[in-house]
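run_26.cif (mmCIF, C-alpha atoms and all ligand atoms) appears below.
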```
data_entry
#
loop_
_atom_site.label_atom_id
_atom_site.label_comp_id
_atom_site.auth_asym_id
_atom_site.auth_seq_id
_atom_site.Cartn_x
_atom_site.Cartn_y
_atom_site.Cartn_z
CA MET A 1 0.00 0.00 0.00
CA ALA A 2 1.30 3.41 -0.96
CA ASN A 3 1.89 6.27 1.44
CA ILE A 4 0.40 9.45 0.02
CA ILE A 5 0.31 12.94 1.50
CA GLY A 6 -2.98 14.73 0.91
CA VAL A 7 -3.17 18.51 1.21
CA THR A 8 -6.09 20.88 0.88
CA LEU A 9 -5.83 24.64 0.65
CA SER A 10 -8.81 26.96 0.99
CA GLU A 11 -9.30 29.26 4.00
CA ARG A 12 -6.69 27.04 5.70
CA ALA A 13 -4.03 24.59 4.60
CA VAL A 14 -4.42 21.07 5.99
CA ALA A 15 -2.12 18.10 5.34
CA GLY A 16 -2.17 14.45 6.39
CA LEU A 17 -0.75 11.03 5.56
CA VAL A 18 -3.21 8.76 3.71
CA VAL A 19 -2.77 5.01 3.34
CA ASP A 20 -5.31 2.81 1.54
CA ASN A 21 -7.84 5.68 1.26
CA LYS A 22 -7.76 6.30 5.02
CA LEU A 23 -6.14 8.95 7.17
CA ALA A 24 -3.03 7.51 8.86
CA SER A 25 -1.70 10.55 10.74
CA THR A 26 -2.96 13.56 12.64
CA LEU A 27 -3.89 16.54 10.46
CA HIS A 28 -1.40 19.40 10.27
CA CYS A 29 -3.06 22.80 9.84
CA PHE A 30 -2.04 26.33 9.02
CA PRO A 31 -3.23 28.59 10.57
CA GLU A 32 -3.70 26.22 13.53
CA ASP A 33 -7.06 25.79 15.27
CA GLY A 34 -8.18 28.93 17.05
CA GLU A 35 -5.99 31.23 15.00
CA GLU A 36 -7.49 33.68 12.61
CA ASP A 37 -8.46 32.53 9.12
CA GLY A 38 -7.69 34.76 6.17
CA ALA A 39 -3.91 34.68 6.62
CA LEU A 40 -3.49 32.81 3.34
CA ILE A 41 -5.02 35.53 1.17
CA GLU A 42 -2.24 37.91 2.28
CA MET A 43 0.55 35.44 1.59
CA PRO A 44 2.63 35.76 -1.61
CA THR A 45 3.06 32.62 -3.73
CA ASP A 46 6.57 31.76 -2.49
CA GLY A 47 5.35 32.09 1.11
CA LEU A 48 2.41 29.79 0.35
CA VAL A 49 4.71 27.22 -1.28
CA LYS A 50 7.08 27.32 1.70
CA MET A 51 4.19 26.93 4.18
CA LEU A 52 2.66 24.01 2.16
CA CYS A 53 6.07 22.35 2.02
CA GLU A 54 6.41 22.62 5.82
CA GLN A 55 2.96 21.05 6.35
CA ILE A 56 3.79 18.20 3.95
CA ILE A 57 7.13 17.51 5.61
CA CYS A 58 5.40 17.39 9.02
CA ALA A 59 2.75 14.98 7.73
CA ALA A 60 5.39 12.79 6.07
CA LYS A 61 7.63 12.66 9.13
CA SER A 62 6.40 9.33 10.51
CA SER A 63 6.76 7.42 7.24
CA LYS A 64 9.30 6.65 4.56
CA ASP A 65 8.59 6.10 0.87
CA ILE A 66 6.04 8.80 0.11
CA ALA A 67 4.68 7.66 -3.27
CA ALA A 68 2.99 10.96 -4.16
CA VAL A 69 1.71 14.27 -2.83
CA GLY A 70 -1.79 15.42 -3.77
CA VAL A 71 -2.76 19.07 -3.39
CA ALA A 72 -6.26 20.50 -3.81
CA LEU A 73 -6.76 24.25 -4.15
CA PRO A 74 -9.48 26.60 -5.38
CA GLY A 75 -9.28 27.62 -9.03
CA VAL A 76 -8.79 26.39 -12.55
CA ILE A 77 -5.93 23.90 -12.39
CA ARG A 78 -4.46 22.25 -15.47
CA SER A 79 -1.28 20.19 -15.67
CA GLY A 80 -0.02 21.50 -12.34
CA VAL A 81 -0.55 25.15 -13.25
CA VAL A 82 -3.05 27.47 -11.55
CA GLU A 83 -4.65 29.10 -14.60
CA ASP A 84 -6.92 31.24 -12.43
CA SER A 85 -7.92 31.45 -8.77
CA PRO A 86 -10.32 34.31 -7.93
CA ASN A 87 -10.20 33.50 -4.20
CA LEU A 88 -6.38 33.14 -3.98
CA PRO A 89 -5.48 35.62 -6.76
CA GLN A 90 -1.76 35.61 -6.02
CA LEU A 91 -1.58 32.05 -7.36
CA LYS A 92 -2.78 32.95 -10.87
CA GLY A 93 -0.25 31.62 -13.36
CA ALA A 94 1.81 29.78 -10.72
CA ARG A 95 3.37 26.46 -11.80
CA ILE A 96 2.42 25.19 -8.40
CA ALA A 97 3.28 21.49 -8.90
CA ASP A 98 6.82 22.33 -10.10
CA LEU A 99 7.37 24.94 -7.38
CA LEU A 100 6.25 22.54 -4.68
CA SER A 101 8.26 19.58 -6.06
CA ALA A 102 11.42 21.70 -6.10
CA LYS A 103 10.81 22.95 -2.55
CA LEU A 104 10.19 19.39 -1.30
CA VAL A 105 13.44 18.18 -2.89
CA GLU A 106 15.27 20.88 -0.88
CA HIS A 107 13.82 19.19 2.21
CA GLY A 108 14.87 15.70 1.07
CA LEU A 109 11.50 14.55 -0.26
CA ASN A 110 11.69 13.54 -3.93
CA THR A 111 8.19 12.61 -5.11
CA THR A 112 5.53 13.51 -7.68
CA VAL A 113 3.09 16.32 -6.89
CA ASN A 114 -0.43 16.21 -8.33
CA VAL A 115 -2.56 19.36 -8.12
CA ILE A 116 -6.34 19.42 -8.55
CA ASN A 117 -9.25 21.77 -7.98
CA ASP A 118 -10.40 21.69 -4.34
CA ALA A 119 -14.02 20.81 -5.13
CA ASP A 120 -12.80 17.85 -7.23
CA GLY A 121 -10.77 16.87 -4.17
CA MET A 122 -13.92 16.96 -2.06
CA ALA A 123 -15.75 14.79 -4.63
CA SER A 124 -12.89 12.23 -4.59
CA GLY A 125 -12.89 12.28 -0.79
CA LEU A 126 -16.64 11.65 -0.61
CA ALA A 127 -16.32 8.82 -3.15
CA ALA A 128 -13.53 7.22 -1.09
CA THR A 129 -15.04 7.66 2.37
CA GLN A 130 -18.50 6.53 1.25
CA GLY A 131 -17.16 3.51 -0.66
CA LYS A 132 -18.35 4.85 -4.04
CA LEU A 133 -15.12 4.94 -6.03
CA ASP A 134 -17.01 3.26 -8.91
CA ARG A 135 -19.74 5.95 -9.19
CA LEU A 136 -20.22 9.43 -10.57
CA ILE A 137 -20.19 11.89 -7.66
CA ARG A 138 -20.86 15.60 -8.00
CA VAL A 139 -20.53 18.17 -5.25
CA TRP A 140 -21.23 21.86 -4.76
CA THR A 141 -19.01 23.57 -2.19
CA LEU A 142 -20.82 26.60 -0.80
CA GLY A 143 -18.18 28.88 0.72
CA ILE A 144 -16.47 32.20 -0.06
CA GLY A 145 -16.84 31.12 -3.67
CA ILE A 146 -18.85 28.26 -5.16
CA GLY A 147 -16.93 25.16 -6.22
CA TYR A 148 -18.11 22.34 -8.42
CA GLY A 149 -16.44 19.00 -7.95
CA ARG A 150 -16.71 15.85 -9.94
CA TYR A 151 -15.43 12.33 -9.41
CA PRO A 152 -14.05 10.43 -11.29
CA PHE A 153 -11.58 13.00 -12.52
CA ILE A 154 -11.82 13.87 -16.20
CA ASP A 155 -9.89 16.50 -18.04
CA GLY A 156 -11.68 19.80 -18.46
CA VAL A 157 -12.37 23.10 -16.75
CA TRP A 158 -15.53 22.25 -14.76
CA GLU A 159 -16.03 25.71 -13.27
CA GLY A 160 -19.69 24.96 -12.59
CA GLY A 161 -19.81 27.63 -9.88
CA HIS A 162 -19.46 30.20 -12.66
CA GLY A 163 -22.34 28.71 -14.62
CA ILE A 164 -24.91 31.25 -15.80
CA VAL A 165 -28.07 31.16 -13.72
CA SER A 166 -29.42 34.66 -14.47
CA LEU A 167 -29.77 36.90 -17.52
CA ASP A 168 -30.30 39.98 -15.34
CA ASP A 169 -27.72 42.69 -16.19
CA LYS A 170 -27.58 43.69 -12.52
CA GLU A 171 -26.18 40.28 -11.49
CA ARG A 172 -22.52 41.19 -11.38
CA PHE A 173 -21.24 40.23 -7.91
CA CYS A 174 -19.13 37.23 -8.95
CA GLY A 175 -15.50 37.22 -7.83
CA CYS A 176 -14.40 36.49 -11.41
CA GLY A 177 -16.17 39.59 -12.73
CA GLY A 178 -18.57 37.64 -14.96
CA ARG A 179 -22.25 38.53 -15.17
CA GLY A 180 -25.14 36.26 -14.12
CA HIS A 181 -22.96 33.64 -12.39
CA MET A 182 -24.12 31.20 -9.72
CA GLU A 183 -21.27 32.33 -7.45
CA GLY A 184 -22.36 35.95 -7.90
CA ILE A 185 -25.63 35.03 -6.14
CA MET A 186 -24.56 32.24 -3.79
CA GLY A 187 -20.94 32.96 -2.86
CA HIS A 188 -20.33 34.40 0.61
CA ARG A 189 -18.22 37.23 -0.75
CA ALA A 190 -20.89 38.07 -3.35
CA MET A 191 -23.66 38.10 -0.71
CA ARG A 192 -21.70 40.60 1.37
CA LEU A 193 -21.32 42.83 -1.68
CA ARG A 194 -25.05 42.62 -2.44
CA PHE A 195 -26.19 43.33 1.14
CA LEU A 196 -23.71 45.96 2.25
CA ASP A 197 -25.78 46.60 5.39
CA MET A 198 -26.32 42.98 6.46
CA GLU A 199 -24.21 39.85 6.91
CA PRO A 200 -25.43 36.74 5.02
CA GLU A 201 -26.44 35.15 8.37
CA GLU A 202 -28.70 38.14 9.09
CA VAL A 203 -30.24 37.97 5.61
CA PHE A 204 -31.31 34.34 6.02
CA GLU A 205 -32.48 35.03 9.59
CA ALA A 206 -34.62 37.95 8.38
CA ALA A 207 -36.04 35.79 5.59
CA LYS A 208 -37.49 33.50 8.29
CA THR A 209 -39.44 36.41 9.79
CA GLY A 210 -40.83 37.35 6.38
CA ASP A 211 -38.68 40.39 5.48
CA LYS A 212 -39.55 40.72 1.79
CA ARG A 213 -36.14 41.73 0.41
CA CYS A 214 -34.46 38.90 2.34
CA LEU A 215 -37.09 36.32 1.46
CA ASP A 216 -36.82 37.25 -2.21
CA PHE A 217 -33.08 36.77 -1.95
CA LYS A 218 -33.42 33.41 -0.18
CA ARG A 219 -35.61 32.27 -3.09
CA LEU A 220 -33.13 33.59 -5.66
CA TRP A 221 -30.27 31.83 -3.83
CA HIS A 222 -32.12 28.49 -3.94
CA LYS A 223 -33.17 29.01 -7.55
CA ALA A 224 -29.53 29.59 -8.47
CA LEU A 225 -28.51 26.31 -6.82
CA ALA A 226 -31.42 24.46 -8.44
CA ALA A 227 -30.66 25.98 -11.86
CA ALA A 228 -26.98 25.05 -11.77
CA THR A 229 -27.79 21.54 -10.56
CA ALA A 230 -30.50 21.15 -13.23
CA THR A 231 -27.97 22.21 -15.87
CA GLU A 232 -25.54 19.52 -14.70
CA ILE A 233 -28.37 16.95 -14.70
CA HIS A 234 -29.24 17.91 -18.28
CA GLN A 235 -25.57 17.59 -19.29
CA GLU A 236 -24.36 14.47 -17.49
CA GLY A 237 -27.54 12.82 -16.24
CA SER A 238 -29.17 12.35 -12.87
CA GLY A 239 -27.35 10.85 -9.91
CA LYS A 240 -26.00 11.95 -6.57
CA PHE A 241 -25.25 15.56 -5.71
CA PHE A 242 -23.63 16.48 -2.42
CA LEU A 243 -23.77 19.94 -0.89
CA THR A 244 -21.00 20.99 1.44
CA GLY A 245 -19.05 24.04 2.62
CA PHE A 246 -19.78 26.37 5.54
CA ASN A 247 -22.85 27.90 3.89
CA VAL A 248 -24.86 24.66 3.64
CA ARG A 249 -26.37 26.05 6.86
CA PHE A 250 -28.51 28.29 4.61
CA VAL A 251 -29.88 25.43 2.49
CA ASP A 252 -33.61 24.77 2.79
CA LEU A 253 -33.84 21.32 1.16
CA PRO A 254 -37.64 21.33 0.57
CA MET A 255 -37.33 24.71 -1.19
CA LEU A 256 -34.39 23.46 -3.28
CA ARG A 257 -36.22 20.24 -4.23
CA ASP A 258 -39.31 22.21 -5.21
CA TYR A 259 -37.32 24.38 -7.64
CA LEU A 260 -35.47 21.34 -9.00
CA GLN A 261 -38.78 19.63 -9.70
CA GLN A 262 -39.90 22.65 -11.68
CA MET A 263 -36.66 22.69 -13.68
CA VAL A 264 -36.11 18.99 -14.43
CA LYS A 265 -39.09 17.45 -16.20
CA MET A 266 -37.75 14.67 -18.46
CA SER A 267 -38.55 11.35 -16.80
CA PRO A 268 -35.15 9.65 -17.44
CA LEU A 269 -33.51 12.52 -15.54
CA GLN A 270 -35.62 12.47 -12.40
CA SER A 271 -33.69 9.91 -10.36
CA TYR A 272 -31.36 12.51 -8.92
CA SER A 273 -30.80 13.08 -5.20
CA VAL A 274 -29.32 15.88 -3.15
CA GLU A 275 -27.64 15.38 0.21
CA ILE A 276 -25.94 17.77 2.63
CA VAL A 277 -22.63 16.52 4.07
CA ALA A 278 -20.33 18.03 6.68
CA ASP A 279 -17.31 19.76 5.20
CA ASP A 280 -14.51 18.15 7.15
CA ALA A 281 -10.85 18.61 6.37
CA GLU A 282 -10.24 14.87 6.66
CA THR A 283 -12.48 14.08 3.65
CA ARG A 284 -10.71 16.75 1.59
CA VAL A 285 -7.25 15.49 2.55
CA ILE A 286 -8.21 11.90 1.67
CA GLY A 287 -9.66 13.14 -1.64
CA SER A 288 -6.44 14.93 -2.61
CA ALA A 289 -4.46 11.78 -1.84
CA VAL A 290 -6.86 9.48 -3.74
CA ALA A 291 -6.62 11.73 -6.79
CA ALA A 292 -2.80 11.74 -6.57
CA GLU A 293 -2.69 7.96 -6.27
CA GLN A 294 -4.98 7.55 -9.31
CA ALA A 295 -2.92 10.08 -11.31
CA ALA A 296 0.30 8.20 -10.45
CA ALA A 297 -1.31 4.93 -11.62
CA ARG A 298 -2.22 6.53 -14.98
CA HIS A 299 1.40 7.50 -15.70
ZN ZN A 301 -17.86 33.96 -11.97
#
```
Please re-express this file's structure in structure tokens.
Amino acid sequence: MANIIGVTLSERAVAGLVVDNKLASTLHCFPEDGEEDGALIEMPTDGLVKMLCEQIICAAKSSKDIAAVGVALPGVIRSGVVEDSPNLPQLKGARIADLLSAKLVEHGLNTTVNVINDADGMASGLAATQGKLDRLIRVWTLGIGIGYGRYPFIDGVWEGGHGIVSLDDKERFCGCGGRGHMEGIMGHRAMRLRFLDMEPEEVFEAAKTGDKRCLDFKRLWHKALAAATATEIHQEGSGKFFLTGFNVRFVDLPMLRDYLQQMVKMSPLQSYSVEIVADDAETRVIGSAVAAEQAAARH
């Protein structure tokens, strides 16, 4: 069985040793528990690479023969290069796999580094931890931005969170600058831009008491999620969709299912299901490692 280091980078960096699709070490985090999040956004690329390298070396300490390192981070990732990353903009254009490999060699660890999109990492992690490595798994990560993950990994862009869910010219809150995007309605950052006087938590709280502006937005938010999911169903078929990320707390499943029913009418497509799952770092770390192991097997 191969020893793989899985790493996930979003609001925090978390690394762990994974053996046979299971976590085999404690998780190493930066910033550590209790410290303030947001430190990563300020960090230049070489600082990020150095910090990731330190986490990987810590996670690898107890074992020899690390077969591969898998890293998941937010953005468009192709062939080890971050082509774009609206939520970690300093990484745009970074040849992150090469940078990290070189840094690891300096620390005596000579291994392959596989980099994937963080939502794809979550999808791989859910497939592995739920024993569904033979199935199509799709996941929406509802956080600062909106990620779309798919397992098994196939080449492509898959920026489903930037799918168009509105033709309204006023819908321009997406972090990427594009108009009418799902993330421009559902992303945490976008919600704060839309409601300058209220936090997203307060908006959804006020919707419960019938505040019209907030209730209208709650409906729009669920319609956006239903529309993007319906689009994926019409492209790749029905099946399992997971919802995760810190903003799943705002999801009203009956409302979402009602909109989905209105949007998906063809009978062969109606056997879809939607499930909320906890966003734990362990699943993401396992997913990054599983993806790295599968990539190593392909080469
Ligand atoms: Zn966008």
Neighbours of ligand ZN 301 (chain A) at 7 Å or closer, counting only C-alpha atoms and all ligand atoms: which residues, as a list in words?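 Final answer, ordered by chain and number: Gly161, His162, Cys174, Gly175, Cys176, Gly177, Gly178, His181, Glu183 and Gly184 of chain A.
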Of the candidates A:Pro31, A:Gly245, A:Gly108, A:Gly163, which shows the shortest atom-to-atom distance to Gly143 (chain A), using all atoms listed in the file?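 Smallest separation from Gly143 (chain A) among the options: A:Gly245.
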Using all atoms listed in the file, find each residue in region 266-294 of chain A having at least one atom no more than 12 Å away from region 132-136 of chain A; report its shortest atom-to-atom pair and that distance in Å (one decimal), rows by chain then rising number, as a tab-separated table.
```
residue	atom	partner	partner_atom	distance
A:Tyr272	CA	A:Leu136	CA	11.7
A:Gly287	CA	A:Leu133	CA	10.8
A:Val290	CA	A:Leu133	CA	9.7
A:Ala291	CA	A:Leu133	CA	10.9
A:Gln294	CA	A:Leu133	CA	11.0
```
Could you check the closest approach to Ala97 (chain A) for each of A:Ala119, A:Val49, A:Ile66, A:Val248 and tell me which residue wins, using all atoms listed in the file?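 Closest to Ala97 (chain A) of all the choices is A:Val49.
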Quick one: everything within 12 Å of Leu99 (chain A), counting only C-alpha atoms, minus sequence neighbours fewer than 3 positions away in the same chain. Send it as a VMD selection string. chain A and resid 45 to 50 52 to 53 80 to 82 91 93 to 96 102 to 106 112 to 115
Nearest residue to Lys61 (chain A) out of A:Pro86, A:Ile5, A:Asp20, A:Ala227, using all atoms listed in the file?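 So, comparing all the options, the nearest one is A:Ile5.
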Atomic separation - CA of Val18 (chain A) relative to CA of Leu88 (chain A), Å: 25.8 Å
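The space between CA of Lys64 (chain A) and CA of His28 (chain A) spans 17.6 Å.
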